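Here is the file my_file-v5.cif (mmCIF, C-alpha atoms).
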data_my_file
loop_
_atom_site.label_atom_id
_atom_site.label_comp_id
_atom_site.auth_asym_id
_atom_site.auth_seq_id
_atom_site.Cartn_x
_atom_site.Cartn_y
_atom_site.Cartn_z
CA MET J 4 -54.16 20.14 -2.43
CA ASP J 5 -51.82 17.35 -1.28
CA ALA J 6 -48.60 18.48 0.37
CA ALA J 7 -45.21 16.94 -0.44
CA TYR J 8 -43.46 16.32 2.86
CA ILE J 9 -39.95 16.96 1.60
CA THR J 10 -36.96 17.04 3.91
CA PRO J 11 -36.10 20.71 4.65
CA GLU J 12 -32.37 20.00 4.71
CA LEU J 13 -32.59 18.40 1.26
CA ALA J 14 -34.44 21.39 -0.16
CA ARG J 15 -31.66 23.69 1.02
CA TRP J 16 -28.95 21.24 -0.13
CA ALA J 17 -30.45 21.00 -3.62
CA ARG J 18 -30.65 24.77 -3.97
CA GLU J 19 -27.09 25.35 -2.76
CA ARG J 20 -25.83 22.48 -4.94
CA ALA J 21 -27.35 24.21 -7.96
CA GLY J 22 -25.76 27.52 -6.97
CA VAL J 23 -29.12 29.31 -6.84
CA SER J 24 -30.12 31.95 -4.28
CA VAL J 25 -33.44 31.96 -2.44
CA GLU J 26 -34.51 35.01 -4.43
CA GLU J 27 -33.57 33.46 -7.78
CA LEU J 28 -35.43 30.24 -7.00
CA ALA J 29 -38.48 32.16 -5.80
CA GLY J 30 -38.55 34.09 -9.06
CA THR J 31 -38.31 30.90 -11.10
CA LEU J 32 -41.09 29.18 -9.18
CA LYS J 33 -43.15 32.41 -8.96
CA VAL J 34 -43.49 32.28 -5.19
CA ASP J 35 -42.49 34.62 -2.38
CA PRO J 36 -38.88 34.19 -1.14
CA ARG J 37 -40.33 33.67 2.34
CA THR J 38 -42.10 30.58 1.01
CA ILE J 39 -38.78 29.08 -0.11
CA ALA J 40 -37.31 29.86 3.30
CA ALA J 41 -40.28 28.16 4.97
CA TRP J 42 -39.77 25.00 2.89
CA GLU J 43 -36.10 24.93 3.90
CA THR J 44 -36.85 25.34 7.61
CA GLY J 45 -39.74 22.89 7.68
CA GLN J 46 -42.33 25.51 8.57
CA GLN J 47 -44.24 24.67 5.39
CA SER J 48 -44.37 21.83 2.87
CA PRO J 49 -44.88 22.61 -0.81
CA PRO J 50 -47.78 21.14 -2.78
CA PHE J 51 -46.76 18.20 -4.97
CA HIS J 52 -46.77 20.16 -8.22
CA ARG J 53 -44.48 22.79 -6.65
CA ALA J 54 -42.15 20.13 -5.24
CA GLU J 55 -41.88 18.46 -8.64
CA LYS J 56 -41.07 21.78 -10.26
CA LEU J 57 -38.56 22.48 -7.47
CA ALA J 58 -36.70 19.25 -8.24
CA ASP J 59 -36.79 19.98 -11.97
CA LYS J 60 -35.41 23.51 -11.60
CA LEU J 61 -32.68 22.38 -9.21
CA ARG J 62 -31.81 19.41 -11.44
CA VAL J 63 -32.17 16.65 -8.84
CA PRO J 64 -34.30 13.48 -8.96
CA PHE J 65 -37.65 14.15 -7.28
CA GLY J 66 -37.03 11.34 -4.78
CA TYR J 67 -33.90 13.08 -3.49
CA LEU J 68 -36.06 15.69 -1.77
CA PHE J 69 -37.45 13.02 0.58
CA LEU J 70 -34.12 11.55 1.70
CA SER J 71 -33.14 11.85 5.35
CA LYS J 72 -29.79 13.41 4.46
CA PRO J 73 -28.02 14.62 1.31
CA PRO J 74 -26.54 11.84 -0.84
CA LYS J 75 -22.78 11.62 -1.09
CA GLU J 76 -21.71 12.75 -4.54
CA ASP J 77 -18.23 11.68 -5.49
CA PHE J 78 -16.43 12.56 -8.69
CA LEU J 79 -16.11 9.60 -10.99
CA LEU J 80 -12.54 10.71 -11.80
CA PRO J 81 -9.54 11.69 -9.65
CA ASP J 82 -9.53 15.44 -9.11
CA LEU J 83 -5.98 16.67 -9.69
CA ARG J 84 -6.75 20.39 -9.57
CA THR J 85 -5.05 22.56 -7.00
CA VAL J 86 -4.58 26.22 -6.26
CA GLY J 87 -1.10 26.55 -4.87
CA ASN J 88 -0.76 23.45 -2.74
CA VAL J 89 -4.41 23.30 -1.73
CA ALA J 90 -7.17 21.27 -3.39
CA VAL J 91 -9.75 23.40 -5.17
CA SER J 92 -13.20 24.06 -3.74
CA LYS J 93 -16.33 22.03 -4.40
CA PRO J 94 -17.08 21.69 -8.12
CA SER J 95 -20.12 23.32 -9.68
CA LEU J 96 -23.20 21.40 -10.79
CA ASN J 97 -22.39 22.16 -14.43
CA PHE J 98 -18.96 20.63 -13.99
CA ILE J 99 -20.29 17.53 -12.21
CA GLU J 100 -22.90 16.89 -14.91
CA VAL J 101 -20.39 17.22 -17.76
CA VAL J 102 -17.88 14.87 -16.13
CA ASN J 103 -20.49 12.25 -15.26
CA ASP J 104 -22.04 12.43 -18.74
CA ALA J 105 -18.64 11.89 -20.39
CA VAL J 106 -17.86 8.97 -18.06
CA LEU J 107 -21.14 7.25 -18.93
CA LYS J 108 -20.55 7.72 -22.67
CA GLN J 109 -17.00 6.43 -22.40
CA GLN J 110 -18.12 3.38 -20.44
CA TRP J 111 -20.78 2.56 -23.02
CA TYR J 112 -18.31 2.85 -25.89
CA SER J 113 -15.65 0.79 -24.12
CA GLU J 114 -18.14 -2.01 -23.44
CA TYR J 115 -19.38 -1.83 -27.02
CA LEU J 116 -15.84 -2.19 -28.40
CA GLN J 117 -15.04 -5.09 -26.08
CA GLU J 118 -18.22 -6.90 -27.08
CA SER J 119 -17.25 -6.30 -30.71
CA GLY J 120 -13.86 -7.96 -30.21
CA ALA J 121 -11.81 -4.78 -30.63
CA LYS J 122 -8.12 -4.76 -29.80
CA ARG J 123 -6.68 -2.79 -26.93
CA VAL J 124 -5.05 0.58 -27.54
CA SER J 125 -1.36 -0.10 -27.07
CA PHE J 126 -0.08 3.33 -26.01
CA VAL J 127 -2.38 3.76 -22.99
CA GLY J 128 -0.32 3.15 -19.85
CA SER J 129 2.74 2.22 -21.91
CA TYR J 130 5.03 4.42 -19.80
CA ARG J 131 5.51 5.53 -16.22
CA MET J 132 6.61 8.90 -14.92
CA SER J 133 9.86 7.25 -13.86
CA ASP J 134 10.68 6.83 -17.56
CA GLY J 135 11.17 10.58 -17.76
CA VAL J 136 9.66 13.47 -19.69
CA GLN J 137 11.93 13.11 -22.72
CA GLN J 138 11.11 9.46 -23.33
CA VAL J 139 7.37 9.90 -22.92
CA ALA J 140 7.32 13.03 -25.09
CA ALA J 141 9.29 11.22 -27.80
CA SER J 142 6.73 8.41 -27.80
CA VAL J 143 3.78 10.81 -27.95
CA SER J 144 5.38 12.62 -30.88
CA LYS J 145 6.15 9.38 -32.70
CA VAL J 146 2.73 7.78 -32.24
CA LEU J 147 0.86 10.98 -33.17
CA ARG J 148 3.32 11.64 -36.01
CA ILE J 149 4.13 15.12 -34.69
CA ASN J 150 7.23 16.06 -36.66
CA ASP J 151 8.64 18.63 -39.05
CA THR J 152 6.56 17.28 -41.93
CA THR J 153 3.22 17.53 -40.16
CA ARG J 154 4.14 20.97 -38.88
CA ALA J 155 5.07 22.12 -42.39
CA ASN J 156 1.78 20.76 -43.74
CA SER J 157 -0.18 22.87 -41.26
CA ARG J 158 -0.82 26.46 -42.26
CA SER J 159 -1.15 27.71 -38.68
CA TRP J 160 -1.23 26.58 -35.07
CA GLN J 161 -5.01 26.24 -35.40
CA ASP J 162 -4.48 23.83 -38.31
CA PHE J 163 -1.91 21.96 -36.26
CA LEU J 164 -4.37 21.67 -33.38
CA THR J 165 -6.94 20.20 -35.77
CA TYR J 166 -4.33 17.72 -36.95
CA ILE J 167 -3.55 16.62 -33.37
CA VAL J 168 -7.24 16.05 -32.63
CA GLN J 169 -7.71 14.03 -35.82
CA ALA J 170 -4.56 12.00 -35.22
CA ALA J 171 -5.66 11.20 -31.65
CA GLU J 172 -9.08 10.07 -32.83
CA GLU J 173 -7.58 7.87 -35.54
CA LEU J 174 -5.53 6.17 -32.83
CA GLY J 175 -8.67 5.37 -30.84
CA VAL J 176 -9.02 8.38 -28.52
CA LEU J 177 -12.43 9.99 -28.08
CA VAL J 178 -11.79 13.75 -28.16
CA MET J 179 -14.72 15.85 -26.96
CA GLN J 180 -14.66 19.64 -26.93
CA ARG J 181 -17.54 21.37 -25.16
CA GLY J 182 -18.06 24.77 -23.62
CA ILE J 183 -21.60 24.22 -22.37
CA VAL J 184 -23.67 21.57 -20.60
CA GLY J 185 -25.59 19.51 -23.14
CA ASN J 186 -27.13 21.88 -25.68
CA ASN J 187 -27.91 24.60 -23.18
CA THR J 188 -25.96 27.70 -24.20
CA LYS J 189 -26.91 29.38 -20.91
CA ARG J 190 -25.02 26.76 -18.89
CA ARG J 191 -21.43 27.66 -19.70
CA LEU J 192 -18.48 25.72 -18.39
CA ASN J 193 -16.08 27.77 -16.30
CA VAL J 194 -12.50 27.63 -17.56
CA ASN J 195 -11.33 28.71 -14.11
CA GLU J 196 -12.74 25.42 -12.81
CA PHE J 197 -11.11 23.09 -15.30
CA ARG J 198 -9.44 23.05 -18.70
CA GLY J 199 -9.84 19.38 -19.40
CA PHE J 200 -10.03 15.86 -18.10
CA VAL J 201 -9.01 12.44 -19.30
CA ILE J 202 -10.26 8.88 -18.85
CA SER J 203 -7.53 6.29 -19.22
CA ASP J 204 -8.95 3.11 -20.73
CA LYS J 205 -7.38 0.37 -22.84
CA PHE J 206 -10.29 0.27 -25.28
CA ALA J 207 -11.84 3.73 -25.32
CA PRO J 208 -9.60 6.42 -23.83
CA LEU J 209 -11.28 9.81 -23.68
CA VAL J 210 -9.96 13.36 -23.65
CA PHE J 211 -12.34 16.20 -22.83
CA ILE J 212 -11.34 19.79 -23.55
CA ASN J 213 -13.23 22.73 -22.11
CA ALA J 214 -14.03 24.61 -25.33
CA ARG J 215 -13.94 27.85 -23.38
CA ASP J 216 -10.23 27.36 -22.75
CA ALA J 217 -8.10 30.13 -24.20
CA LYS J 218 -7.65 29.40 -27.90
CA ALA J 219 -3.91 29.92 -27.69
CA ALA J 220 -3.66 27.32 -24.91
CA LYS J 221 -5.79 24.55 -26.42
CA ASN J 222 -2.96 22.75 -28.17
CA PHE J 223 -1.08 22.71 -24.86
CA THR J 224 -4.17 21.46 -23.01
CA ILE J 225 -4.93 18.60 -25.38
CA VAL J 226 -1.35 17.31 -25.42
CA HIS J 227 -1.26 17.63 -21.62
CA GLU J 228 -4.31 15.33 -21.46
CA LEU J 229 -2.79 12.91 -23.99
CA GLY J 230 0.27 12.75 -21.75
CA HIS J 231 -2.03 11.40 -19.05
CA LEU J 232 -2.97 8.51 -21.32
CA TRP J 233 0.65 7.56 -21.97
CA ILE J 234 1.19 7.05 -18.24
CA GLY J 235 -2.29 5.56 -17.70
CA GLU J 236 -3.53 8.25 -15.31
CA SER J 237 -7.15 9.43 -15.40
CA GLY J 238 -7.92 12.80 -13.88
CA ILE J 239 -9.33 16.30 -14.02
CA SER J 240 -6.87 19.05 -14.87
CA ASN J 241 -6.65 22.80 -14.71
CA PRO J 242 -3.06 23.75 -15.51
CA ASN J 243 -2.10 27.20 -14.29
CA LEU J 244 -1.04 28.89 -17.52
CA ARG J 245 0.79 31.65 -15.70
CA SER J 246 3.05 29.43 -13.63
CA ARG J 247 5.96 27.10 -14.27
CA SER J 248 5.45 23.35 -14.38
CA ALA J 249 7.86 23.05 -11.45
CA ASP J 250 5.38 25.02 -9.33
CA GLU J 251 2.53 22.57 -9.96
CA ALA J 252 1.62 20.87 -6.67
CA ASN J 253 0.43 17.60 -8.21
CA ALA J 254 3.25 15.41 -9.57
CA VAL J 255 1.12 13.97 -12.40
CA GLU J 256 0.04 17.43 -13.53
CA ARG J 257 3.61 18.69 -13.36
CA PHE J 258 4.84 15.78 -15.46
CA CYS J 259 2.11 16.15 -18.11
CA ASN J 260 2.76 19.90 -18.36
CA GLU J 261 6.39 19.17 -19.14
CA VAL J 262 5.48 16.49 -21.67
CA ALA J 263 3.10 18.85 -23.47
CA ALA J 264 5.70 21.59 -23.74
CA GLU J 265 8.32 19.13 -24.99
CA VAL J 266 6.02 17.60 -27.63
CA LEU J 267 4.89 20.93 -29.01
CA ALA J 268 8.14 22.90 -28.85
CA PRO J 269 11.07 20.49 -28.21
CA ARG J 270 13.54 22.14 -25.88
CA ALA J 271 16.72 21.25 -27.77
CA GLU J 272 15.33 22.57 -31.06
CA LEU J 273 13.98 25.71 -29.40
CA LEU J 274 17.37 26.50 -27.86
CA ARG J 275 19.16 25.79 -31.13
CA ARG J 276 16.94 28.17 -33.08
CA TRP J 277 16.83 30.94 -30.47
CA ARG J 278 18.68 34.02 -31.73
CA ASP J 279 20.39 36.08 -29.05
CA GLU J 280 20.59 39.09 -31.37
CA SER J 281 16.78 39.18 -31.59
CA GLY J 282 14.48 40.31 -28.82
CA ILE J 283 12.20 38.03 -26.82
CA ASP J 284 9.09 39.00 -28.78
CA ASP J 285 10.72 38.34 -32.16
CA ASN J 286 12.17 35.02 -31.05
CA ILE J 287 8.83 33.82 -29.71
CA ALA J 288 6.95 34.92 -32.84
CA ASN J 289 9.46 33.23 -35.17
CA LEU J 290 9.54 30.00 -33.20
CA ALA J 291 5.75 29.90 -32.96
CA ARG J 292 5.60 29.97 -36.76
CA TYR J 293 8.26 27.25 -37.01
CA PHE J 294 6.67 24.87 -34.48
CA ARG J 295 3.10 25.70 -35.63
CA VAL J 296 2.02 26.41 -32.08
CA SER J 297 0.72 29.54 -30.40
CA ARG J 298 3.18 32.08 -29.05
CA TYR J 299 1.95 31.19 -25.58
CA VAL J 300 3.35 27.64 -25.92
CA VAL J 301 6.74 28.91 -27.10
CA ALA J 302 6.92 31.47 -24.29
CA ARG J 303 6.11 28.77 -21.78
CA GLN J 304 8.74 26.37 -23.10
CA ALA J 305 11.33 29.15 -23.25
CA SER J 306 10.67 29.74 -19.57
CA GLU J 307 10.75 26.01 -18.76
CA ALA J 308 14.09 25.77 -20.58
CA ASN J 309 15.44 28.79 -18.66
CA ARG J 310 15.99 30.65 -21.93
CA ILE J 311 13.99 33.50 -20.47
CA THR J 312 13.38 34.17 -16.80
CA PHE J 313 10.05 33.44 -15.21
CA GLN J 314 9.52 37.17 -14.73
CA GLN J 315 10.15 37.76 -18.44
CA TYR J 316 7.57 35.06 -19.18
CA VAL J 317 4.99 36.73 -16.92
CA ASP J 318 5.79 40.14 -18.41
CA TYR J 319 5.28 38.71 -21.90
CA LEU J 320 1.86 37.35 -20.94
CA ASP J 321 0.97 40.70 -19.38
CA ARG J 322 1.81 42.40 -22.69
CA ASN J 323 -0.36 39.90 -24.54
CA PRO J 324 -3.37 39.28 -22.27
CA TRP J 325 -5.46 37.91 -25.14
CA PHE J 326 -3.36 34.71 -25.08
CA LEU J 327 -5.14 33.51 -21.97
CA LYS J 328 -8.54 35.04 -22.55
CA ALA J 329 -11.28 32.42 -22.33
CA ALA J 330 -13.13 31.74 -25.56
CA THR J 331 -16.78 32.77 -25.49
CA THR J 332 -19.46 30.16 -25.88
CA GLU J 333 -21.07 32.34 -28.52
CA GLY J 334 -17.86 32.27 -30.52
CA GLU J 335 -17.73 28.51 -30.21
CA GLU J 336 -21.32 28.16 -31.42
CA LYS J 337 -20.84 30.47 -34.38
CA SER J 338 -17.54 29.00 -35.51
CA GLY J 339 -19.21 26.65 -37.97
CA ASN J 340 -22.42 24.91 -38.88
CA PHE J 341 -24.33 22.61 -36.57
CA TYR J 342 -22.58 19.46 -37.74
CA ASN J 343 -19.06 20.84 -37.32
CA THR J 344 -19.88 21.84 -33.76
CA PHE J 345 -21.72 18.55 -33.18
CA GLY J 346 -18.70 16.55 -34.31
CA ALA J 347 -16.32 18.46 -32.06
CA ARG J 348 -18.59 18.22 -29.04
CA ASN J 349 -19.30 14.52 -29.27
CA SER J 350 -16.14 13.09 -30.88
CA LYS J 351 -16.52 11.89 -34.46
CA ARG J 352 -15.26 8.49 -33.37
CA PHE J 353 -17.95 8.24 -30.69
CA ILE J 354 -20.67 9.37 -33.10
CA SER J 355 -19.58 6.72 -35.61
CA GLY J 356 -19.65 4.05 -32.90
CA VAL J 357 -23.18 4.95 -31.80
CA LEU J 358 -24.46 4.99 -35.39
CA THR J 359 -22.79 1.65 -36.13
CA ALA J 360 -24.35 0.09 -33.04
CA LEU J 361 -27.71 1.50 -34.11
CA GLY J 362 -27.33 0.02 -37.59
CA GLN J 363 -26.52 -3.35 -36.04
CA ASN J 364 -29.66 -3.16 -33.87
CA ARG J 365 -27.49 -3.33 -30.76
CA ILE J 366 -29.04 -0.18 -29.30
CA THR J 367 -32.43 1.47 -29.72
CA TYR J 368 -33.12 4.80 -31.39
CA ARG J 369 -33.96 6.21 -27.98
CA SER J 370 -30.61 5.09 -26.53
CA ALA J 371 -28.73 6.46 -29.54
CA SER J 372 -30.48 9.82 -29.26
CA GLU J 373 -29.69 10.00 -25.53
CA LEU J 374 -26.03 9.14 -26.09
CA LEU J 375 -25.68 11.82 -28.76
CA GLY J 376 -27.90 14.39 -27.11
CA VAL J 377 -30.22 14.88 -30.09
CA LYS J 378 -33.86 14.17 -30.82
CA ILE J 379 -34.73 10.88 -32.50
CA ALA J 380 -35.95 12.83 -35.54
CA THR J 381 -32.46 14.34 -35.93
CA LEU J 382 -30.66 10.97 -35.91
CA LYS J 383 -31.28 10.34 -39.62
CA LYS J 384 -29.62 13.62 -40.58
CA VAL J 385 -26.75 12.89 -38.22
CA ALA J 386 -26.35 9.43 -39.78
CA GLU J 387 -26.26 10.91 -43.27
CA ARG J 388 -23.49 13.28 -42.25
CA PHE J 389 -21.29 11.03 -40.09
CA ALA J 390 -21.93 7.44 -41.21
#
Before we go any further, please render this structure as structure tokens.
Amino acid sequence: MDAAYITPELARWARERAGVSVEELAGTLKVDPRTIAAWETGQQSPPFHRAEKLADKLRVPFGYLFLSKPPKEDFLLPDLRTVGNVAVSKPSLNFIEVVNDAVLKQQWYSEYLQESGAKRVSFVGSYRMSDGVQQVAASVSKVLRINDTTRANSRSWQDFLTYIVQAAEELGVLVMQRGIVGNNTKRRLNVNEFRGFVISDKFAPLVFINARDAKAAKNFTIVHELGHLWIGESGISNPNLRSRSADEANAVERFCNEVAAEVLAPRAELLRRWRDESGIDDNIANLARYFRVSRYVVARQASEANRITFQQYVDYLDRNPWFLKAATTEGEEKSGNFYNTFGARNSKRFISGVLTALGQNRITYRSASELLGVKIATLKKVAERFA
């Protein structure tokens, strides 16, 4: 049997990149752990069929295993995440794949729109941080039509979140909400790694929300990412929900946190409606109903506005730990039928664009199925639902 003379260092790199132990990989490939160790030290070379399976299980191109040294893998977006004042550790393979997949989809759609003669989206990069939080937040609210009327027309903060997503998409933003990689429910995204990311583009801006983000924080997360678009800043975010915006190490993240809080629960209105004779819990509950946001958002803005102390804010979160509890992937999958989940994952605007391009014979069925992550046989049903 022919041996595949893979580079030992690359075998180890691929395994560590995938976050798999020697024992786990040995179990998957049905070999002795000592065999894996021998491949990684160069004492043995696997047969070709084993090497091909090794690459498949570790999710690397087969040719990578023969390189002289590991390839440099850079994020396609600025990484703005920090813990304290220190950049976060190396991202997981799941995270890398999701980011790169979204970037490729966004690039395709942007090129498609430009070739179609589409107009640029005017609000992207229309402001700078030097314009100030109030001015940017006022523009976001005006363009998205976030006002007393739209709040009153929403029955709950979940309804209001749905409205914000729909309004963003109508303006030209691709909003994707995923909690897993592709369609693999076993490959969950880690909310401790990131809550969202944004691609600033004049034709096809994209906002990606980790669907495993705490439900009560999602409206804050999406407006945070939209704030990025207003100042034309792409990036990967993971706002610390238990800290003040002023404590955020990255200036862009700090600014977008403040914009999100101001859009969702305007400081002046919050202070005007705060009742000193009522307790903190009652005030937060009443204002959450008024603004149609979660109580988490009101608590955060009350802290930002110095209406309650930071310690009172932390104590409130400690009394209500469910606010920041990550949503389960199972809950996400069972929240509706396949097409509701499919639309949220892929952006209804993006789905429509792919189907239109398919109908115009500008892409093949294979390309359309790859862009949407479905089998060719499923495309017809998708077209019937979203066309």
Go through range 147-209 of chain J and flag each residue having an atom no more than 12 Å from range 355-369 of chain J; for those, report the closest pair of atoms plus their distance in Å to one decimal, using all atoms listed in the file, ordered by chain and rising number, as a Markdown table.
| residue | atom | partner | partner_atom | distance |
| --- | --- | --- | --- | --- |
| J:Glu172 | CA | J:Ser355 | CA | 11.4 |
| J:Gly175 | CA | J:Gly356 | CA | 11.2 |
| J:Leu177 | CA | J:Gly356 | CA | 10.5 |
| J:Ala207 | CA | J:Gly356 | CA | 10.9 |
Neighbourhood query: residues within 8 Å of (-8.0, 20.8, -20.4), file coordinates, counting all atoms listed in the file; return as a CSV table (one decimal) with C-alpha atoms, in the coordinates of the input.
chain,number,residue,atom,x,y,z
J,197,PHE,CA,-11.1,23.1,-15.3
J,198,ARG,CA,-9.4,23.0,-18.7
J,199,GLY,CA,-9.8,19.4,-19.4
J,200,PHE,CA,-10.0,15.9,-18.1
J,211,PHE,CA,-12.3,16.2,-22.8
J,212,ILE,CA,-11.3,19.8,-23.6
J,213,ASN,CA,-13.2,22.7,-22.1
J,216,ASP,CA,-10.2,27.4,-22.8
J,221,LYS,CA,-5.8,24.6,-26.4
J,224,THR,CA,-4.2,21.5,-23.0
J,225,ILE,CA,-4.9,18.6,-25.4
J,227,HIS,CA,-1.3,17.6,-21.6
J,228,GLU,CA,-4.3,15.3,-21.5
J,239,ILE,CA,-9.3,16.3,-14.0
J,240,SER,CA,-6.9,19.0,-14.9
J,241,ASN,CA,-6.6,22.8,-14.7
J,242,PRO,CA,-3.1,23.8,-15.5
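The environment of Glu265 in chain J within 8 Å, counting all atoms listed in the file and disregarding residues fewer than 3 places along the same chain, consists of Val136, Gln137, Ala140, Glu261, Val262, Ala268, Pro269, Arg270 and Gln304 of chain J.
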Residues in the PyMOL selection byres ((chain J and resi 354) around 12), expressed as a PDB file with C-alpha atoms, in the frame of the given file:
ATOM      1  CA  LYS J 108     -20.550   7.720 -22.670  1.00  0.00           C
ATOM      2  CA  GLN J 109     -17.000   6.430 -22.400  1.00  0.00           C
ATOM      3  CA  TYR J 112     -18.310   2.850 -25.890  1.00  0.00           C
ATOM      4  CA  GLU J 172      -9.080  10.070 -32.830  1.00  0.00           C
ATOM      5  CA  LEU J 177     -12.430   9.990 -28.080  1.00  0.00           C
ATOM      6  CA  VAL J 178     -11.790  13.750 -28.160  1.00  0.00           C
ATOM      7  CA  MET J 179     -14.720  15.850 -26.960  1.00  0.00           C
ATOM      8  CA  TYR J 342     -22.580  19.460 -37.740  1.00  0.00           C
ATOM      9  CA  PHE J 345     -21.720  18.550 -33.180  1.00  0.00           C
ATOM     10  CA  GLY J 346     -18.700  16.550 -34.310  1.00  0.00           C
ATOM     11  CA  ALA J 347     -16.320  18.460 -32.060  1.00  0.00           C
ATOM     12  CA  ARG J 348     -18.590  18.220 -29.040  1.00  0.00           C
ATOM     13  CA  ASN J 349     -19.300  14.520 -29.270  1.00  0.00           C
ATOM     14  CA  SER J 350     -16.140  13.090 -30.880  1.00  0.00           C
ATOM     15  CA  LYS J 351     -16.520  11.890 -34.460  1.00  0.00           C
ATOM     16  CA  ARG J 352     -15.260   8.490 -33.370  1.00  0.00           C
ATOM     17  CA  PHE J 353     -17.950   8.240 -30.690  1.00  0.00           C
ATOM     18  CA  SER J 355     -19.580   6.720 -35.610  1.00  0.00           C
ATOM     19  CA  GLY J 356     -19.650   4.050 -32.900  1.00  0.00           C
ATOM     20  CA  VAL J 357     -23.180   4.950 -31.800  1.00  0.00           C
ATOM     21  CA  LEU J 358     -24.460   4.990 -35.390  1.00  0.00           C
ATOM     22  CA  THR J 359     -22.790   1.650 -36.130  1.00  0.00           C
ATOM     23  CA  ALA J 360     -24.350   0.090 -33.040  1.00  0.00           C
ATOM     24  CA  LEU J 361     -27.710   1.500 -34.110  1.00  0.00           C
ATOM     25  CA  ALA J 371     -28.730   6.460 -29.540  1.00  0.00           C
ATOM     26  CA  SER J 372     -30.480   9.820 -29.260  1.00  0.00           C
ATOM     27  CA  GLU J 373     -29.690  10.000 -25.530  1.00  0.00           C
ATOM     28  CA  LEU J 374     -26.030   9.140 -26.090  1.00  0.00           C
ATOM     29  CA  LEU J 375     -25.680  11.820 -28.760  1.00  0.00           C
ATOM     30  CA  GLY J 376     -27.900  14.390 -27.110  1.00  0.00           C
ATOM     31  CA  VAL J 377     -30.220  14.880 -30.090  1.00  0.00           C
ATOM     32  CA  LEU J 382     -30.660  10.970 -35.910  1.00  0.00           C
ATOM     33  CA  VAL J 385     -26.750  12.890 -38.220  1.00  0.00           C
ATOM     34  CA  ALA J 386     -26.350   9.430 -39.780  1.00  0.00           C
ATOM     35  CA  GLU J 387     -26.260  10.910 -43.270  1.00  0.00           C
ATOM     36  CA  ARG J 388     -23.490  13.280 -42.250  1.00  0.00           C
ATOM     37  CA  PHE J 389     -21.290  11.030 -40.090  1.00  0.00           C
ATOM     38  CA  ALA J 390     -21.930   7.440 -41.210  1.00  0.00           C
TER      39      ALA J 390
END
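Compared by their closest atoms to Leu68 in chain J, and using all atoms listed in the file, the residues J:Thr10, J:Gln180, J:Ser246, J:Gln315 rank with J:Thr10 nearest.
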Q: Go through the shown structure with the PyMOL selection byres ((chain J and resi 53) around 12) and write out the matching residues as a ChimeraX atom specification.
A: /J:4-9,28-29,31-34,38-39,42,48-52,54-60,65
Q: For the structure provided, state which residues fall under the PyMOL selection byres ((chain J and resi 316) around 12), and present them as a PyMOL selection string.
A: chain J and resi 244-247+283-284+287+298-315+317-323
Where does range 281-333 of chain J meet range 153-156 of chain J within 10 Å, residue by residue, with the nearest atom pair and distance in Å to one decimal for each, counting all atoms listed in the file, listed by chain and rising number, as a Markdown table?
| residue | atom | partner | partner_atom | distance |
| --- | --- | --- | --- | --- |
| J:Arg292 | CA | J:Arg154 | CA | 9.4 |
| J:Tyr293 | CA | J:Arg154 | CA | 7.7 |
| J:Phe294 | CA | J:Arg154 | CA | 6.4 |
| J:Arg295 | CA | J:Arg154 | CA | 5.8 |
| J:Val296 | CA | J:Arg154 | CA | 9.0 |
